[in-house]
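The file upload14.pdb comes next; it holds PDB, C-alpha atoms.
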ATOM      1  CA  GLN B   1      77.960 -40.815  -8.693
ATOM      2  CA  LEU B   2      79.983 -42.730  -6.097
ATOM      3  CA  VAL B   3      82.614 -45.210  -7.205
ATOM      4  CA  ALA B   4      84.378 -47.827  -5.072
ATOM      5  CA  GLY B   5      86.590 -50.240  -6.967
ATOM      6  CA  ASN B   6      84.418 -51.497  -9.816
ATOM      7  CA  GLN B   7      81.119 -50.695  -8.045
ATOM      8  CA  ASN B   8      79.101 -47.584  -8.955
ATOM      9  CA  TRP B   9      76.175 -46.059  -7.113
ATOM     10  CA  SER B  10      74.204 -42.906  -7.784
ATOM     11  CA  THR B  11      73.050 -41.097  -4.662
ATOM     12  CA  ASN B  12      72.757 -37.629  -3.243
ATOM     13  CA  VAL B  13      75.899 -36.556  -1.377
ATOM     14  CA  GLN B  14      74.825 -34.049   1.243
ATOM     15  CA  GLY B  15      77.069 -31.481   2.847
ATOM     16  CA  VAL B  16      76.319 -31.389   6.575
ATOM     17  CA  ASP B  17      77.867 -30.211   9.836
ATOM     18  CA  VAL B  18      79.056 -32.284  12.792
ATOM     19  CA  ASP B  19      75.702 -31.951  14.584
ATOM     20  CA  PHE B  20      73.796 -33.871  11.896
ATOM     21  CA  PRO B  21      73.730 -37.234  13.763
ATOM     22  CA  ALA B  22      72.437 -35.588  16.956
ATOM     23  CA  ILE B  23      69.784 -33.599  15.087
ATOM     24  CA  ARG B  24      68.560 -36.667  13.204
ATOM     25  CA  LEU B  25      69.102 -39.049  16.159
ATOM     26  CA  TRP B  26      71.267 -41.234  13.929
ATOM     27  CA  THR B  27      73.955 -43.468  15.401
ATOM     28  CA  MET B  28      76.974 -45.060  13.777
ATOM     29  CA  LYS B  29      77.248 -48.707  12.746
ATOM     30  CA  TYR B  30      80.936 -48.519  11.816
ATOM     31  CA  GLY B  31      83.609 -45.897  12.362
ATOM     32  CA  SER B  32      82.696 -42.411  13.460
ATOM     33  CA  PHE B  33      81.179 -39.232  12.121
ATOM     34  CA  PHE B  34      83.589 -36.579  10.875
ATOM     35  CA  GLY B  35      84.600 -33.833  13.292
ATOM     36  CA  ASP B  36      85.039 -30.078  13.554
ATOM     37  CA  GLN B  37      88.548 -30.293  12.131
ATOM     38  CA  ASP B  38      87.202 -32.005   8.996
ATOM     39  CA  VAL B  39      84.662 -29.197   8.545
ATOM     40  CA  ARG B  40      87.207 -26.412   9.171
ATOM     41  CA  GLY B  41      89.687 -28.001   6.762
ATOM     42  CA  ALA B  42      87.123 -29.028   4.120
ATOM     43  CA  ALA B  43      88.440 -32.583   4.419
ATOM     44  CA  LYS B  44      87.524 -35.203   1.843
ATOM     45  CA  THR B  45      85.895 -37.474   4.411
ATOM     46  CA  ILE B  46      82.538 -39.161   3.926
ATOM     47  CA  VAL B  47      79.987 -41.098   5.967
ATOM     48  CA  LEU B  48      77.816 -43.581   4.109
ATOM     49  CA  GLY B  49      74.237 -44.640   4.653
ATOM     50  CA  ALA B  50      73.734 -48.387   5.081
ATOM     51  CA  SER B  51      72.238 -48.907   1.594
ATOM     52  CA  VAL B  52      75.164 -47.159  -0.075
ATOM     53  CA  ALA B  53      77.751 -49.042   1.999
ATOM     54  CA  ASN B  54      76.081 -52.400   1.317
ATOM     55  CA  THR B  55      75.909 -51.729  -2.429
ATOM     56  CA  LEU B  56      79.502 -50.517  -2.760
ATOM     57  CA  PHE B  57      81.212 -52.893  -0.317
ATOM     58  CA  GLY B  58      78.786 -55.751   0.461
ATOM     59  CA  GLU B  59      76.517 -56.657   3.376
ATOM     60  CA  GLY B  60      78.204 -56.624   6.781
ATOM     61  CA  VAL B  61      81.501 -55.179   5.499
ATOM     62  CA  ASP B  62      83.056 -52.279   7.424
ATOM     63  CA  PRO B  63      84.400 -49.903   4.739
ATOM     64  CA  THR B  64      86.007 -47.497   7.221
ATOM     65  CA  GLY B  65      89.311 -46.301   5.771
ATOM     66  CA  GLN B  66      88.398 -47.235   2.195
ATOM     67  CA  ILE B  67      88.601 -44.666  -0.598
ATOM     68  CA  ILE B  68      85.613 -43.900  -2.814
ATOM     69  CA  ARG B  69      85.314 -41.374  -5.605
ATOM     70  CA  VAL B  70      82.772 -38.562  -5.656
ATOM     71  CA  LYS B  71      82.774 -36.735  -8.985
ATOM     72  CA  ASN B  72      86.217 -38.244  -9.608
ATOM     73  CA  GLN B  73      87.622 -36.932  -6.323
ATOM     74  CA  PRO B  74      88.884 -39.358  -3.657
ATOM     75  CA  PHE B  75      87.078 -39.355  -0.311
ATOM     76  CA  THR B  76      87.975 -41.480   2.714
ATOM     77  CA  VAL B  77      85.081 -43.360   4.304
ATOM     78  CA  VAL B  78      85.170 -42.568   8.028
ATOM     79  CA  GLY B  79      81.945 -44.301   9.014
ATOM     80  CA  VAL B  80      78.624 -45.922   8.168
ATOM     81  CA  LEU B  81      75.309 -44.917   9.707
ATOM     82  CA  ASN B  82      73.008 -47.454  11.344
ATOM     83  CA  PRO B  83      70.077 -48.332   9.073
ATOM     84  CA  LYS B  84      66.919 -46.219   9.457
ATOM     85  CA  GLY B  85      64.782 -47.743   6.707
ATOM     86  CA  GLN B  86      62.087 -45.905   4.800
ATOM     87  CA  SER B  87      60.810 -42.478   5.744
ATOM     88  CA  SER B  88      57.105 -41.755   6.130
ATOM     89  CA  THR B  89      57.109 -40.735   2.451
ATOM     90  CA  GLY B  90      58.612 -44.069   1.360
ATOM     91  CA  GLN B  91      62.124 -42.750   0.677
ATOM     92  CA  ASP B  92      65.090 -44.980   1.604
ATOM     93  CA  GLN B  93      66.814 -42.889   4.284
ATOM     94  CA  ASP B  94      69.868 -45.154   4.071
ATOM     95  CA  ASP B  95      70.502 -44.180   0.450
ATOM     96  CA  THR B  96      72.692 -41.243   1.425
ATOM     97  CA  ALA B  97      76.279 -40.102   1.766
ATOM     98  CA  LEU B  98      77.353 -37.242   4.038
ATOM     99  CA  ALA B  99      80.456 -35.086   3.837
ATOM    100  CA  PRO B 100      81.458 -31.837   5.548
ATOM    101  CA  TYR B 101      79.387 -29.007   4.080
ATOM    102  CA  THR B 102      82.578 -26.995   3.525
ATOM    103  CA  THR B 103      84.009 -29.787   1.397
ATOM    104  CA  ILE B 104      80.891 -30.025  -0.738
ATOM    105  CA  MET B 105      80.756 -26.253  -1.201
ATOM    106  CA  LYS B 106      84.454 -25.765  -1.981
ATOM    107  CA  LYS B 107      85.429 -28.970  -3.761
ATOM    108  CA  VAL B 108      82.321 -30.595  -5.236
ATOM    109  CA  SER B 109      79.397 -28.274  -6.000
ATOM    110  CA  GLY B 110      81.078 -24.879  -6.150
ATOM    111  CA  ASN B 111      77.899 -23.469  -4.598
ATOM    112  CA  GLN B 112      78.715 -20.903  -1.927
ATOM    113  CA  ASN B 113      75.205 -20.718  -0.430
ATOM    114  CA  ILE B 114      73.738 -22.992   2.211
ATOM    115  CA  GLN B 115      70.732 -24.760   0.660
ATOM    116  CA  GLY B 116      69.016 -25.976   3.824
ATOM    117  CA  ILE B 117      69.202 -25.964   7.604
ATOM    118  CA  SER B 118      67.877 -28.779   9.801
ATOM    119  CA  LEU B 119      67.308 -28.156  13.483
ATOM    120  CA  SER B 120      65.991 -30.050  16.460
ATOM    121  CA  THR B 121      64.717 -28.921  19.844
ATOM    122  CA  ALA B 122      64.819 -30.573  23.241
ATOM    123  CA  SER B 123      61.032 -30.455  23.449
ATOM    124  CA  ALA B 124      58.178 -30.275  20.955
ATOM    125  CA  ASP B 125      56.959 -27.239  22.912
ATOM    126  CA  ASP B 126      60.092 -25.343  21.772
ATOM    127  CA  VAL B 127      59.605 -25.870  18.016
ATOM    128  CA  ASN B 128      57.553 -22.764  17.231
ATOM    129  CA  ASP B 129      59.816 -20.461  19.253
ATOM    130  CA  ALA B 130      62.956 -21.928  17.641
ATOM    131  CA  THR B 131      61.394 -21.588  14.170
ATOM    132  CA  GLU B 132      60.584 -17.926  14.775
ATOM    133  CA  ARG B 133      64.095 -17.187  16.090
ATOM    134  CA  VAL B 134      65.698 -18.822  13.030
ATOM    135  CA  LYS B 135      63.382 -16.929  10.693
ATOM    136  CA  GLN B 136      64.251 -13.640  12.397
ATOM    137  CA  MET B 137      67.985 -14.402  12.191
ATOM    138  CA  LEU B 138      67.703 -15.233   8.476
ATOM    139  CA  ARG B 139      65.714 -12.059   7.804
ATOM    140  CA  GLU B 140      68.431 -10.021   9.534
ATOM    141  CA  ARG B 141      71.298 -11.747   7.723
ATOM    142  CA  HIS B 142      69.520 -11.495   4.363
ATOM    143  CA  LYS B 143      68.767  -7.820   5.068
ATOM    144  CA  ILE B 144      65.009  -8.264   4.585
ATOM    145  CA  GLY B 145      63.157  -5.182   5.772
ATOM    146  CA  PRO B 146      59.888  -5.080   7.726
ATOM    147  CA  GLY B 147      56.921  -6.074   5.574
ATOM    148  CA  ALA B 148      59.103  -7.523   2.799
ATOM    149  CA  GLU B 149      58.658 -11.160   1.707
ATOM    150  CA  ASP B 150      61.049 -13.826   3.014
ATOM    151  CA  ASP B 151      63.529 -15.179   0.466
ATOM    152  CA  PHE B 152      63.568 -18.537   2.249
ATOM    153  CA  THR B 153      61.086 -21.155   3.423
ATOM    154  CA  ALA B 154      60.879 -22.404   7.005
ATOM    155  CA  ARG B 155      58.891 -25.588   7.659
ATOM    156  CA  THR B 156      58.386 -27.698  10.734
ATOM    157  CA  LEU B 157      57.599 -31.409  10.709
ATOM    158  CA  GLU B 158      54.057 -30.428  11.687
ATOM    159  CA  ASP B 159      53.820 -28.179   8.602
ATOM    160  CA  MET B 160      55.066 -30.966   6.344
ATOM    161  CA  ALA B 161      52.635 -33.476   7.883
ATOM    162  CA  ALA B 162      49.735 -31.064   7.336
ATOM    163  CA  THR B 163      50.746 -30.648   3.677
ATOM    164  CA  ARG B 164      50.822 -34.446   3.206
ATOM    165  CA  THR B 165      47.402 -34.738   4.839
ATOM    166  CA  GLU B 166      45.978 -32.091   2.494
ATOM    167  CA  MET B 167      47.375 -33.952  -0.509
TER
END
Spit out the file's structure as structure tokens when you get a sec.
Amino acid sequence: QLVAGNQNWSTNVQGVDVDFPAIRLWTMKYGSFFGDQDVRGAAKTIVLGASVANTLFGEGVDPTGQIIRVKNQPFTVVGVLNPKGQSSTGQDQDDTALAPYTTIMKKVSGNQNIQGISLSTASADDVNDATERVKQMLRERHKIGPGAEDDFTARTLEDMAATRTEM
């Protein structure tokens, strides 16, 4: 639940790192994305998707510098993402709010485990190699021995598209 003044909006607040805009090829409409210092310090900074910003503050209003509440905690809006519209599954991509993952883990959710990792590659030809390297790294860090089942799921966009086609 996000609260700004007398406006309320329910959305998913995601904890992300500073590379999120580059990975998702998402540019800023207002303000800027939070930085390394915000992540290191678990700062209460937040970037809003266009739908959230429009609902809380009105169309065409730059809310940079405004305070909103996330689970009753004050966060400073540092930017608004350019609109992306609906995803291929029909989900409103602009109905989102992003804060440093350290902030979400330490001050909002209390969850100390990373729930997901998003990556991008410079070329589509590099996807399978990058996926295998990440899987190997996770197996090592999770101390999963040879032949044992993974305790995580790794999916590429191609995998997700194939699943949708099957459905």
Quick one: which residues end up in the PyMOL selection byres ((chain B and resi 83-93) around 10) for this structure, as a compact mmCIF listing (two decimals) with C-alpha atoms, in the coordinates of the input?
# COMPACT_ATOMS: atom_id res chain seq x y z
CA TRP B 26 71.27 -41.23 13.93
CA THR B 27 73.96 -43.47 15.40
CA MET B 28 76.97 -45.06 13.78
CA LYS B 29 77.25 -48.71 12.75
CA GLY B 49 74.24 -44.64 4.65
CA ALA B 50 73.73 -48.39 5.08
CA SER B 51 72.24 -48.91 1.59
CA VAL B 80 78.62 -45.92 8.17
CA LEU B 81 75.31 -44.92 9.71
CA ASN B 82 73.01 -47.45 11.34
CA ASP B 94 69.87 -45.15 4.07
CA ASP B 95 70.50 -44.18 0.45
CA THR B 96 72.69 -41.24 1.42
CA ALA B 161 52.64 -33.48 7.88
CA ARG B 164 50.82 -34.45 3.21
Query raised in the report: For the atom pair CA of Thr103 (chain B) and CA of Ala154 (chain B), what is the interatomic distance in Å to one decimal place?
Result: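 Going from CA of Thr103 (chain B) over to CA of Ala154 (chain B), I get 24.9 Å.
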Requested in this report: Write out as a list in words each polymer residue whose atoms come within 12 Å of Asn8 (chain B), counting all atoms listed in the file; drop sequence neighbours fewer than 4 positions from it.
Outcome: Gln1, Leu2, Val3, Ala4, Val52, Ala53, Asn54, Thr55, Leu56, Phe57, Ile68, Arg69, Val70, Lys71 and Asn72 of chain B
Report task. List every protein, DNA or RNA residue with an atom no more than 8 Å from (72.1, -37.2, -2.3) in the file's coordinates, counting all atoms listed in the file, and format the result as number ranges by chain. Result -> B: 11-14, 95-97
Query raised in the report: Do you have the CA of Ile104 (chain B)-CA of Ala122 (chain B) distance handy?
Result: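 It comes out at 28.9 Å.
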Query - Close residues, Asp150 (chain B) itself excluded, 9 Å, all atoms listed in the file, min 5 positions apart in chain, as a PyMOL selection string - result: chain B and resi 135+138-139+142+144
Report task. Can you work out which one of B:Ser32, B:Thr45, B:Gln7, B:Gln136 has the shortest atom-to-atom distance to Asp62 (chain B), counting all atoms listed in the file? Result -> B:Ser32
Axis-aligned box for all listed atoms of region 71-76 of chain B, 6 Å per side, centre and edges in Å to one decimal, as AutoDock Vina command-line options:
--center_x 85.8 --center_y -39.1 --center_z -3.4 --size_x 18.1 --size_y 16.7 --size_z 24.3
Report task. Have a look at CA of Val47 (chain B) and CA of Phe75 (chain B) and let me know their distance in Å, one decimal. Result ->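 Taking CA of Val47 (chain B) and CA of Phe75 (chain B), their separation equals 9.6 Å.
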Query raised in the report: Need the neighbours of (86.8, -32.5, 3.6): which residues are at most 8 Å away, counting all atoms listed in the file, as a PyMOL selection string?
Result: chain B and resi 38-39+41-46+75+99-100+102-104
Export of the given selection (C-alpha atoms) as a short mmCIF file (atom, residue, chain, number, x, y, z; two decimals), in the frame of the given file:
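Just written: selection18.cif:
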data_model
loop_
_atom_site.label_atom_id
_atom_site.label_comp_id
_atom_site.auth_asym_id
_atom_site.auth_seq_id
_atom_site.Cartn_x
_atom_site.Cartn_y
_atom_site.Cartn_z
CA ASP B 38 87.20 -32.01 9.00
CA VAL B 39 84.66 -29.20 8.54
CA GLY B 41 89.69 -28.00 6.76
CA ALA B 42 87.12 -29.03 4.12
CA ALA B 43 88.44 -32.58 4.42
CA LYS B 44 87.52 -35.20 1.84
CA THR B 45 85.90 -37.47 4.41
CA ILE B 46 82.54 -39.16 3.93
CA PHE B 75 87.08 -39.35 -0.31
CA ALA B 99 80.46 -35.09 3.84
CA PRO B 100 81.46 -31.84 5.55
CA THR B 102 82.58 -27.00 3.52
CA THR B 103 84.01 -29.79 1.40
CA ILE B 104 80.89 -30.02 -0.74
#
Requested in this report: Name the residues in contact with region 16-18 of chain B at a cut-off of 6 Å, using all atoms listed in the file, excluding same-chain residues fewer than 2 positions from it; report them as a list in words.
Outcome: Phe20, Gly35, Pro100 and Tyr101 of chain B
Query - Minimum-distance residue to Gly31 (chain B), chosen among B:Pro74, B:Glu132, B:Thr153, B:Pro63 (using only C-alpha atoms) - result: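 Closest to Gly31 (chain B), using only C-alpha atoms: B:Pro63.
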